[in-house]
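File shown: my_file.txt. Contents: compact mmCIF, C-alpha atoms and all ligand atoms.
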# COMPACT_ATOMS: atom_id res chain seq x y z
CA MET A 1 -80.17 -49.82 -60.99
CA VAL A 2 -81.76 -50.60 -57.64
CA ASN A 3 -85.30 -51.69 -56.85
CA PRO A 4 -85.25 -50.64 -53.18
CA THR A 5 -88.43 -52.62 -52.46
CA SER A 6 -87.17 -56.01 -53.71
CA GLY A 7 -87.05 -58.67 -51.02
CA ARG A 8 -88.93 -56.38 -48.60
CA GLY A 9 -86.21 -53.78 -48.64
CA LEU A 10 -83.19 -56.00 -49.23
CA GLY A 11 -82.48 -54.16 -52.49
CA ALA A 12 -82.07 -50.86 -50.64
CA ARG A 13 -79.98 -52.46 -47.90
CA ILE A 14 -77.40 -54.11 -50.17
CA ALA A 15 -77.10 -51.33 -52.76
CA PRO A 16 -74.37 -49.30 -50.97
CA ALA A 17 -72.06 -52.34 -50.59
CA VAL A 18 -72.55 -53.29 -54.24
CA ARG A 19 -71.74 -49.77 -55.38
CA GLN A 20 -68.65 -49.77 -53.19
CA ARG A 21 -67.49 -53.10 -54.59
CA LEU A 22 -67.88 -51.89 -58.18
CA THR A 23 -66.15 -48.55 -57.59
CA ASP A 24 -63.34 -50.20 -55.60
CA ALA A 25 -62.70 -52.28 -58.72
CA GLY A 26 -62.24 -49.06 -60.69
CA LEU A 27 -65.63 -48.95 -62.43
CA THR A 28 -67.50 -45.68 -62.83
CA VAL A 29 -70.96 -46.23 -61.41
CA ASP A 30 -74.14 -44.17 -61.76
CA VAL A 31 -76.84 -45.35 -59.35
CA TYR A 32 -80.53 -45.14 -60.30
CA GLU A 33 -83.13 -46.03 -57.69
CA THR A 34 -86.52 -46.97 -59.10
CA THR A 35 -89.64 -45.49 -57.54
CA CYS A 36 -92.19 -47.67 -59.36
CA ALA A 37 -92.39 -50.61 -61.78
CA GLU A 38 -92.41 -48.30 -64.84
CA ASP A 39 -89.06 -46.83 -63.82
CA VAL A 40 -87.30 -50.15 -64.42
CA GLY A 41 -88.09 -50.20 -68.14
CA ARG A 42 -87.67 -46.46 -68.61
CA ILE A 43 -84.27 -46.33 -66.93
CA SER A 44 -83.10 -49.51 -68.73
CA THR A 45 -84.02 -47.91 -72.06
CA GLU A 46 -82.17 -44.71 -71.11
CA VAL A 47 -79.07 -46.63 -70.03
CA VAL A 48 -79.01 -48.56 -73.32
CA ALA A 49 -79.30 -45.27 -75.24
CA SER A 50 -76.59 -43.63 -73.10
CA GLY A 51 -73.84 -45.81 -74.48
CA ALA A 52 -72.87 -47.12 -71.03
CA ASP A 53 -70.73 -50.27 -71.03
CA ALA A 54 -73.11 -52.34 -68.92
CA VAL A 55 -76.06 -52.26 -66.57
CA THR A 56 -76.47 -54.04 -63.25
CA LEU A 57 -79.87 -54.67 -61.68
CA ILE A 58 -80.30 -55.08 -57.94
CA GLY A 59 -83.65 -56.79 -57.56
CA GLY A 60 -85.74 -59.91 -57.82
CA ASP A 61 -87.33 -61.76 -60.70
CA GLY A 62 -90.04 -59.13 -61.16
CA THR A 63 -87.41 -56.40 -61.60
CA ILE A 64 -85.39 -58.51 -64.01
CA HIS A 65 -88.53 -59.25 -66.03
CA LEU A 66 -89.20 -55.51 -66.37
CA GLY A 67 -85.59 -54.71 -67.24
CA ALA A 68 -85.34 -57.54 -69.77
CA GLN A 69 -88.10 -55.95 -71.88
CA ALA A 70 -85.74 -53.05 -72.63
CA LEU A 71 -82.45 -54.97 -72.57
CA ALA A 72 -83.49 -57.81 -74.90
CA ASN A 73 -81.62 -57.69 -78.20
CA SER A 74 -79.76 -54.53 -77.10
CA GLY A 75 -76.43 -56.31 -76.73
CA MET A 76 -75.82 -54.44 -73.49
CA PRO A 77 -74.20 -56.68 -70.87
CA PHE A 78 -76.46 -57.13 -67.91
CA GLY A 79 -75.47 -58.07 -64.35
CA VAL A 80 -77.80 -59.34 -61.63
CA ILE A 81 -77.44 -58.82 -57.91
CA PRO A 82 -80.15 -61.01 -56.35
CA ALA A 83 -82.34 -59.09 -53.89
CA GLY A 84 -85.77 -60.68 -54.34
CA THR A 85 -87.58 -63.46 -52.58
CA GLY A 86 -87.50 -65.98 -55.44
CA ASN A 87 -84.40 -65.03 -57.45
CA ASP A 88 -85.02 -67.83 -59.93
CA PHE A 89 -83.29 -66.06 -62.82
CA ALA A 90 -80.13 -65.62 -60.73
CA ARG A 91 -80.33 -69.23 -59.52
CA GLY A 92 -80.54 -70.48 -63.11
CA LEU A 93 -77.49 -68.42 -64.05
CA GLY A 94 -75.52 -69.59 -61.02
CA VAL A 95 -75.13 -66.11 -59.51
CA PRO A 96 -74.39 -66.22 -55.72
CA LEU A 97 -77.70 -65.59 -53.96
CA LYS A 98 -76.66 -64.47 -50.50
CA ASP A 99 -73.41 -62.67 -51.21
CA PRO A 100 -74.00 -59.38 -53.09
CA ALA A 101 -70.26 -58.66 -53.28
CA ALA A 102 -69.62 -62.03 -54.92
CA ALA A 103 -72.47 -61.36 -57.37
CA ALA A 104 -70.90 -57.95 -58.15
CA ASP A 105 -67.58 -59.71 -58.76
CA LEU A 106 -69.17 -61.40 -61.80
CA VAL A 107 -69.74 -57.95 -63.27
CA ILE A 108 -66.19 -56.91 -62.38
CA ALA A 109 -64.74 -60.08 -63.98
CA GLY A 110 -66.53 -59.01 -67.16
CA ARG A 111 -67.16 -62.46 -68.65
CA THR A 112 -70.41 -62.44 -70.60
CA ARG A 113 -72.58 -65.03 -72.25
CA THR A 114 -75.71 -64.77 -74.34
CA ILE A 115 -78.83 -66.58 -73.21
CA ASP A 116 -82.26 -67.22 -74.67
CA LEU A 117 -85.48 -65.52 -73.67
CA ALA A 118 -88.96 -66.92 -74.12
CA THR A 119 -91.62 -64.74 -75.72
CA ALA A 120 -95.31 -64.78 -74.85
CA LYS A 121 -98.14 -62.25 -75.17
CA ASP A 122 -95.72 -59.65 -76.58
CA GLU A 123 -93.37 -59.93 -73.58
CA PHE A 124 -89.95 -61.41 -73.04
CA ILE A 125 -89.84 -64.04 -70.28
CA THR A 126 -86.59 -64.71 -68.42
CA THR A 127 -87.47 -67.95 -66.55
CA VAL A 128 -90.67 -70.02 -66.84
CA VAL A 129 -94.23 -69.64 -68.14
CA ALA A 130 -96.64 -71.93 -66.30
CA GLY A 131 -100.32 -72.52 -65.87
CA GLY A 132 -102.25 -74.94 -63.67
CA PHE A 133 -102.00 -75.95 -60.05
CA ASP A 134 -98.95 -73.71 -59.74
CA SER A 135 -100.91 -70.68 -61.06
CA LEU A 136 -103.36 -71.06 -58.21
CA VAL A 137 -100.48 -71.43 -55.74
CA ASN A 138 -98.72 -68.40 -57.21
CA LYS A 139 -101.89 -66.30 -57.05
CA ARG A 140 -102.51 -67.28 -53.45
CA ALA A 141 -98.86 -66.76 -52.42
CA ASN A 142 -98.72 -63.31 -54.07
CA ALA A 143 -101.78 -62.24 -52.06
CA MET A 144 -100.29 -63.39 -48.74
CA THR A 145 -98.43 -61.07 -46.41
CA TRP A 146 -97.35 -63.87 -44.05
CA PRO A 147 -95.17 -65.90 -43.80
CA LYS A 148 -92.19 -64.17 -45.42
CA GLY A 149 -90.08 -65.61 -48.22
CA ASN A 150 -90.42 -69.08 -49.66
CA ALA A 151 -92.53 -70.42 -46.76
CA ARG A 152 -95.44 -68.56 -48.37
CA TYR A 153 -95.32 -70.98 -51.32
CA THR A 154 -95.45 -73.98 -48.97
CA VAL A 155 -98.49 -72.64 -47.11
CA ALA A 156 -100.21 -71.69 -50.39
CA THR A 157 -99.47 -75.15 -51.87
CA LEU A 158 -101.05 -76.94 -48.92
CA ALA A 159 -104.10 -74.68 -49.09
CA GLU A 160 -104.64 -75.23 -52.85
CA LEU A 161 -104.02 -78.96 -52.60
CA ARG A 162 -107.17 -79.40 -50.52
CA THR A 163 -109.54 -78.67 -53.42
CA PHE A 164 -107.52 -78.96 -56.66
CA GLN A 165 -108.79 -81.16 -59.50
CA PRO A 166 -106.70 -81.98 -62.63
CA LEU A 167 -107.28 -79.67 -65.61
CA GLU A 168 -107.87 -80.48 -69.28
CA TYR A 169 -105.10 -79.21 -71.58
CA VAL A 170 -104.19 -79.06 -75.22
CA VAL A 171 -100.41 -78.58 -75.49
CA THR A 172 -98.93 -78.08 -78.95
CA VAL A 173 -95.15 -78.40 -79.32
CA ASP A 174 -93.72 -77.52 -82.75
CA GLY A 175 -97.11 -78.33 -84.29
CA ASP A 176 -97.63 -81.68 -82.53
CA GLN A 177 -100.79 -81.60 -80.44
CA ILE A 178 -101.11 -83.41 -77.08
CA GLU A 179 -104.49 -83.60 -75.39
CA THR A 180 -104.10 -84.51 -71.73
CA SER A 181 -105.36 -84.01 -68.21
CA ALA A 182 -102.65 -82.51 -66.06
CA MET A 183 -101.87 -80.83 -62.77
CA LEU A 184 -99.74 -78.21 -64.53
CA VAL A 185 -97.82 -77.38 -67.68
CA ALA A 186 -94.61 -75.33 -67.49
CA VAL A 187 -92.39 -74.00 -70.28
CA GLY A 188 -88.98 -72.48 -69.60
CA THR A 189 -85.75 -71.29 -71.09
CA GLY A 190 -84.25 -71.76 -67.62
CA PRO A 191 -84.98 -74.48 -65.09
CA MET A 192 -86.52 -72.71 -62.12
CA TYR A 193 -89.55 -70.99 -60.68
CA GLY A 194 -91.14 -70.61 -57.26
CA GLY A 195 -87.87 -69.89 -55.46
CA GLY A 196 -85.67 -72.76 -56.62
CA LEU A 197 -88.12 -75.40 -57.86
CA GLN A 198 -86.51 -77.00 -60.91
CA ILE A 199 -89.77 -77.50 -62.76
CA CYS A 200 -87.90 -77.57 -66.11
CA ALA A 201 -84.87 -79.43 -64.74
CA GLY A 202 -82.08 -79.68 -67.29
CA ALA A 203 -83.20 -76.63 -69.29
CA GLU A 204 -80.15 -75.05 -70.93
CA LEU A 205 -80.17 -71.26 -70.98
CA ASP A 206 -78.58 -71.06 -74.41
CA ASP A 207 -79.75 -74.06 -76.46
CA GLY A 208 -82.33 -72.16 -78.51
CA LEU A 209 -85.07 -74.45 -77.19
CA LEU A 210 -88.00 -74.28 -74.80
CA ASP A 211 -88.24 -77.04 -72.18
CA VAL A 212 -91.77 -78.28 -71.51
CA THR A 213 -92.83 -80.14 -68.35
CA ILE A 214 -96.30 -81.67 -68.06
CA ILE A 215 -97.27 -83.17 -64.70
CA GLN A 216 -100.09 -85.56 -65.49
CA PRO A 217 -102.74 -86.41 -62.86
CA VAL A 218 -101.40 -87.80 -59.62
CA SER A 219 -102.91 -88.14 -56.16
CA ARG A 220 -102.64 -85.22 -53.76
CA LEU A 221 -100.20 -87.22 -51.69
CA THR A 222 -98.00 -87.94 -54.73
CA LEU A 223 -98.05 -84.26 -55.74
CA LEU A 224 -97.05 -83.31 -52.21
CA GLN A 225 -94.24 -85.87 -52.28
CA MET A 226 -93.09 -84.43 -55.60
CA PHE A 227 -92.40 -80.98 -54.15
CA PRO A 228 -89.13 -81.79 -52.36
CA LYS A 229 -88.06 -83.54 -55.56
CA LEU A 230 -88.77 -80.38 -57.57
CA ALA A 231 -86.13 -78.59 -55.53
CA LYS A 232 -83.55 -81.10 -56.77
CA GLY A 233 -85.08 -81.71 -60.19
CA THR A 234 -85.46 -85.42 -59.43
CA HIS A 235 -89.20 -85.43 -60.25
CA VAL A 236 -88.12 -86.00 -63.85
CA GLY A 237 -88.35 -89.73 -64.42
CA HIS A 238 -91.59 -90.08 -62.46
CA PRO A 239 -94.09 -91.81 -64.79
CA ALA A 240 -96.54 -88.87 -64.48
CA VAL A 241 -93.92 -86.28 -65.50
CA ARG A 242 -93.62 -85.78 -69.24
CA THR A 243 -90.85 -83.59 -70.69
CA LEU A 244 -90.49 -82.26 -74.23
CA ARG A 245 -88.41 -79.67 -76.07
CA GLY A 246 -89.33 -77.39 -78.94
CA ARG A 247 -89.20 -73.96 -80.49
CA SER A 248 -92.88 -73.09 -80.19
CA VAL A 249 -95.40 -74.16 -77.57
CA ARG A 250 -99.11 -73.39 -77.23
CA ILE A 251 -100.83 -74.12 -73.91
CA GLU A 252 -104.62 -74.20 -73.82
CA SER A 253 -106.84 -74.82 -70.77
CA PRO A 254 -110.06 -72.93 -70.11
CA GLY A 255 -110.14 -70.34 -67.34
CA ILE A 256 -106.53 -70.74 -66.19
CA THR A 257 -104.20 -67.77 -65.80
CA ALA A 258 -100.63 -68.20 -67.04
CA TYR A 259 -97.83 -66.92 -64.81
CA ALA A 260 -94.47 -65.81 -66.14
CA ASP A 261 -91.46 -64.86 -64.04
CA GLY A 262 -93.75 -65.18 -61.00
CA GLU A 263 -96.28 -62.59 -62.19
CA PRO A 264 -99.65 -63.07 -63.92
CA LEU A 265 -99.25 -63.03 -67.72
CA GLY A 266 -102.90 -63.43 -68.73
CA LEU A 267 -105.47 -66.12 -69.38
CA LEU A 268 -104.57 -69.23 -71.38
CA PRO A 269 -104.25 -69.93 -74.25
CA VAL A 270 -100.71 -68.67 -74.54
CA ASP A 271 -98.32 -69.07 -77.47
CA ILE A 272 -94.70 -69.25 -76.36
CA GLY A 273 -91.79 -68.69 -78.68
CA ILE A 274 -88.03 -68.39 -78.27
CA ALA A 275 -85.66 -65.48 -78.84
CA PRO A 276 -82.27 -67.24 -79.04
CA GLY A 277 -79.35 -65.34 -77.50
CA ALA A 278 -81.51 -62.28 -76.83
CA LEU A 279 -79.88 -61.35 -73.50
CA THR A 280 -76.20 -60.73 -72.80
CA VAL A 281 -75.43 -61.47 -69.15
CA PHE A 282 -72.45 -61.51 -66.81
CA GLY A 283 -71.96 -64.93 -65.32
N1 LIG B 1 -89.72 -48.57 -56.26
C1 LIG B 1 -90.02 -49.61 -57.05
N2 LIG B 1 -89.28 -49.88 -58.13
C2 LIG B 1 -89.54 -50.94 -58.93
N3 LIG B 1 -90.52 -51.83 -58.69
C3 LIG B 1 -91.29 -51.62 -57.61
C4 LIG B 1 -91.09 -50.52 -56.75
N4 LIG B 1 -92.00 -50.58 -55.76
C5 LIG B 1 -92.73 -51.70 -55.98
N5 LIG B 1 -92.32 -52.32 -57.10
C6 LIG B 1 -92.82 -53.59 -57.57
O1 LIG B 1 -91.80 -54.56 -57.29
C7 LIG B 1 -91.92 -55.61 -58.24
C8 LIG B 1 -90.61 -56.30 -58.45
O2 LIG B 1 -90.13 -56.80 -57.23
P1 LIG B 1 -89.00 -57.93 -57.31
O3 LIG B 1 -89.51 -59.05 -58.12
O4 LIG B 1 -87.73 -57.33 -57.72
O5 LIG B 1 -88.86 -58.36 -55.83
P2 LIG B 1 -89.50 -59.58 -55.10
O6 LIG B 1 -90.94 -59.71 -55.49
O7 LIG B 1 -89.15 -59.40 -53.67
O8 LIG B 1 -88.64 -60.82 -55.66
P3 LIG B 1 -88.95 -62.12 -56.58
O9 LIG B 1 -89.71 -61.67 -57.79
O10 LIG B 1 -87.60 -62.68 -56.91
O11 LIG B 1 -89.76 -63.04 -55.72
C9 LIG B 1 -92.35 -54.92 -59.52
O12 LIG B 1 -93.17 -55.79 -60.27
C10 LIG B 1 -93.10 -53.69 -59.05
O13 LIG B 1 -94.48 -53.82 -59.26

Please, can you express the file's structure as structure tokens?
Amino acid sequence: MVNPTSGRGLGARIAPAVRQRLTDAGLTVDVYETTCAEDVGRISTEVVASGADAVTLIGGDGTIHLGAQALANSGMPFGVIPAGTGNDFARGLGVPLKDPAAAADLVIAGRTRTIDLATAKDEFITTVVAGGFDSLVNKRANAMTWPKGNARYTVATLAELRTFQPLEYVVTVDGDQIETSAMLVAVGTGPMYGGGLQICAGAELDDGLLDVTIIQPVSRLTLLQMFPKLAKGTHVGHPAVRTLRGRSVRIESPGITAYADGEPLGLLPVDIGIAPGALTVFG
């Protein structure tokens, strides 16, 4: 299935080569091009019902989020060809980001694994749920038309940093309540959001646990200095960065919108659970 709009048209551009690669390997391929967000779930549901051997999605994190709602707990093997701007799900899985043929080769090789999904507000989440400074950055970046790609997040971060004040949170992990001021709270089954920021560095995709990262109040300069470290995951260990693991997490902070898989999920509070092994993926 192809979201032709992913990555500003990258999905449409790489689809023919991916199809060719799969058919050259002897696979029988039916191509479905989505025309709107609703198509992703509808077609995924139809493919599961059709008895096909597998489904491959060409798209970004938003497309995968939509597809995962139908594919969760179906047992149908699911391949990802990254075509978005963030591609954090593919990054977490280790799928090649800039080589669609190599990503298709993972489908051809046919090795599958099962990975966990998070659950929140009656949705399955494939990467990270977060709320705080990063929500405001995400909201601003999503509304921007320039610059393209990840540079948008940098510009949006600098803009939000000018006025941001720490927020008051109550975070409950497996029943244990933490009251704290913080810049942000993030909860993931996988490590990444924001186009390769390892906010939940070390998160295992298949350990049955949610990884929680709380960044407690730091100066604007320190937060700015933390960003390059997020890309490598080396922010963990900073005294203001608290990490926890659990099976259920509640995040409360008044007036803050939670983001999940890069899209708005709804206002906090949010209760996050885990669906162990809910998705079968090639990789
Ligand atoms: N024809 C279409 N088919 C499916 N989704 C579409 C279509 N046109 C627009 N969309 C929108 O595209 C969004 C998904 O885009 P996707 O996430 O795949 O790409 P991206 O935003 O470029 O990448 P990323 O999420 O990795 O940054 C959906 O949430 C949907 O609202």

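Around region 192-200 of chain A, within 8 Å and counting all atoms listed in the file, the residues found are Thr85, Gly86, Asn87, Asp88, Phe89, Arg91, Gly92, Thr127, Val128, Asn138, Asn150, Tyr153, Ala186, Val187, Asp211, Val212, Thr213, Phe227, Leu230, Ala231, Lys232, Gly233, Asp261 and Gly262 of chain A, once anything fewer than 5 positions away on its own chain is removed.
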
Expected file: the selected residues, C-alpha atoms, as a short mmCIF file (atom, residue, chain, number, x, y, z; two decimals), keeping the file's coordinate frame:
data_model
loop_
_atom_site.label_atom_id
_atom_site.label_comp_id
_atom_site.auth_asym_id
_atom_site.auth_seq_id
_atom_site.Cartn_x
_atom_site.Cartn_y
_atom_site.Cartn_z
CA THR A 85 -87.58 -63.46 -52.58
CA GLY A 86 -87.50 -65.98 -55.44
CA ASN A 87 -84.40 -65.03 -57.45
CA ASP A 88 -85.02 -67.83 -59.93
CA PHE A 89 -83.29 -66.06 -62.82
CA ARG A 91 -80.33 -69.23 -59.52
CA GLY A 92 -80.54 -70.48 -63.11
CA THR A 127 -87.47 -67.95 -66.55
CA VAL A 128 -90.67 -70.02 -66.84
CA ASN A 138 -98.72 -68.40 -57.21
CA ASN A 150 -90.42 -69.08 -49.66
CA TYR A 153 -95.32 -70.98 -51.32
CA ALA A 186 -94.61 -75.33 -67.49
CA VAL A 187 -92.39 -74.00 -70.28
CA ASP A 211 -88.24 -77.04 -72.18
CA VAL A 212 -91.77 -78.28 -71.51
CA THR A 213 -92.83 -80.14 -68.35
CA PHE A 227 -92.40 -80.98 -54.15
CA LEU A 230 -88.77 -80.38 -57.57
CA ALA A 231 -86.13 -78.59 -55.53
CA LYS A 232 -83.55 -81.10 -56.77
CA GLY A 233 -85.08 -81.71 -60.19
CA ASP A 261 -91.46 -64.86 -64.04
CA GLY A 262 -93.75 -65.18 -61.00
#

Would you compute the box with edges along x, y and z of the file around ligand LIG 1 (chain B), including every atom the file lists for it and 3 Å extra on each side, and give its centre and edge lengths in Å to one decimal, as JSON?
{"center_x": -91.0, "center_y": -55.8, "center_z": -57.0, "size_x": 12.9, "size_y": 20.5, "size_z": 12.6}

Excluding same-chain residues fewer than 4 positions from Asp105 (chain A), what lies within 12 Å of it counting only C-alpha atoms, as a ChimeraX atom specification? /A:17-25,27,56,79-81,95-96,99-101,109-111,282-283

So which residues are near ligand LIG 1 (chain B), meaning at most 7 Å away with only C-alpha atoms and all ligand atoms counted, given back as number ranges by chain? A: 3-8, 34-37, 39-40, 59-64, 83-88, 262

Would you list the residues near (-110.3, -67.9, -69.1), meaning any protein, DNA or RNA residue with an atom at most 7 Å from that point in file coordinates, counting all atoms listed in the file, as number ranges by chain? A: 254-257, 267-268

Point out the residue among A:Val2, A:Leu71, A:Leu223, A:Ala130 with the least atom-to-atom distance to Leu158 (chain A), counting only C-alpha atoms.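 Of the candidates, the smallest distance to Leu158 (chain A) is held by A:Leu223.
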
Which is closer to Ser74 (chain A) than all the others in A:Val55, A:Asn142, A:Leu184, A:Val48, using all atoms listed in the file?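 Looking only at the distances to Ser74 (chain A), the closest residue turns out to be A:Val48.
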
My list of candidates is A:Ser50, A:Gln69, A:Thr114, A:Thr157. Which is closest to Arg220 (chain A) when distances are computed with only C-alpha atoms?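 Nearest to Arg220 (chain A): A:Thr157.
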
Determine the nearest neighbour of Val107 (chain A) from the options A:Leu57, A:Leu221, A:Ala156, A:Ala70, counting all atoms listed in the file.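 Among the listed residues, the smallest separation from Val107 (chain A) belongs to A:Leu57.
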
A:Thr189, A:Thr154, A:Thr243, A:Thr180 ranked by distance to Gln216 (chain A), top pick (using all atoms listed in the file):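 Checking each of A:Thr189, A:Thr154, A:Thr243, A:Thr180 against Gln216 (chain A), counting all atoms listed in the file, the winner is A:Thr180.
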
Of the candidates A:Val31, A:Leu161, A:Lys139, A:Ala182, which one gets nearest to Gln225 (chain A) if we count all atoms listed in the file?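 When distances to Gln225 (chain A) are compared using all atoms listed in the file, the smallest one comes from A:Leu161.
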
What is the distance between CA of Pro82 (chain A) and CA of Pro16 (chain A), in Å to one decimal?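 A separation of 14.1 Å between them.
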
Mind giving me the straight-line distance from CA of Lys148 (chain A) to CA of Gly11 (chain A) in Å, one decimal?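 Separation between CA of Lys148 (chain A) and CA of Gly11 (chain A): 15.6 Å.
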
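A straight line drawn from CA of Thr45 (chain A) to CA of Leu97 (chain A) is 26.1 Å long.
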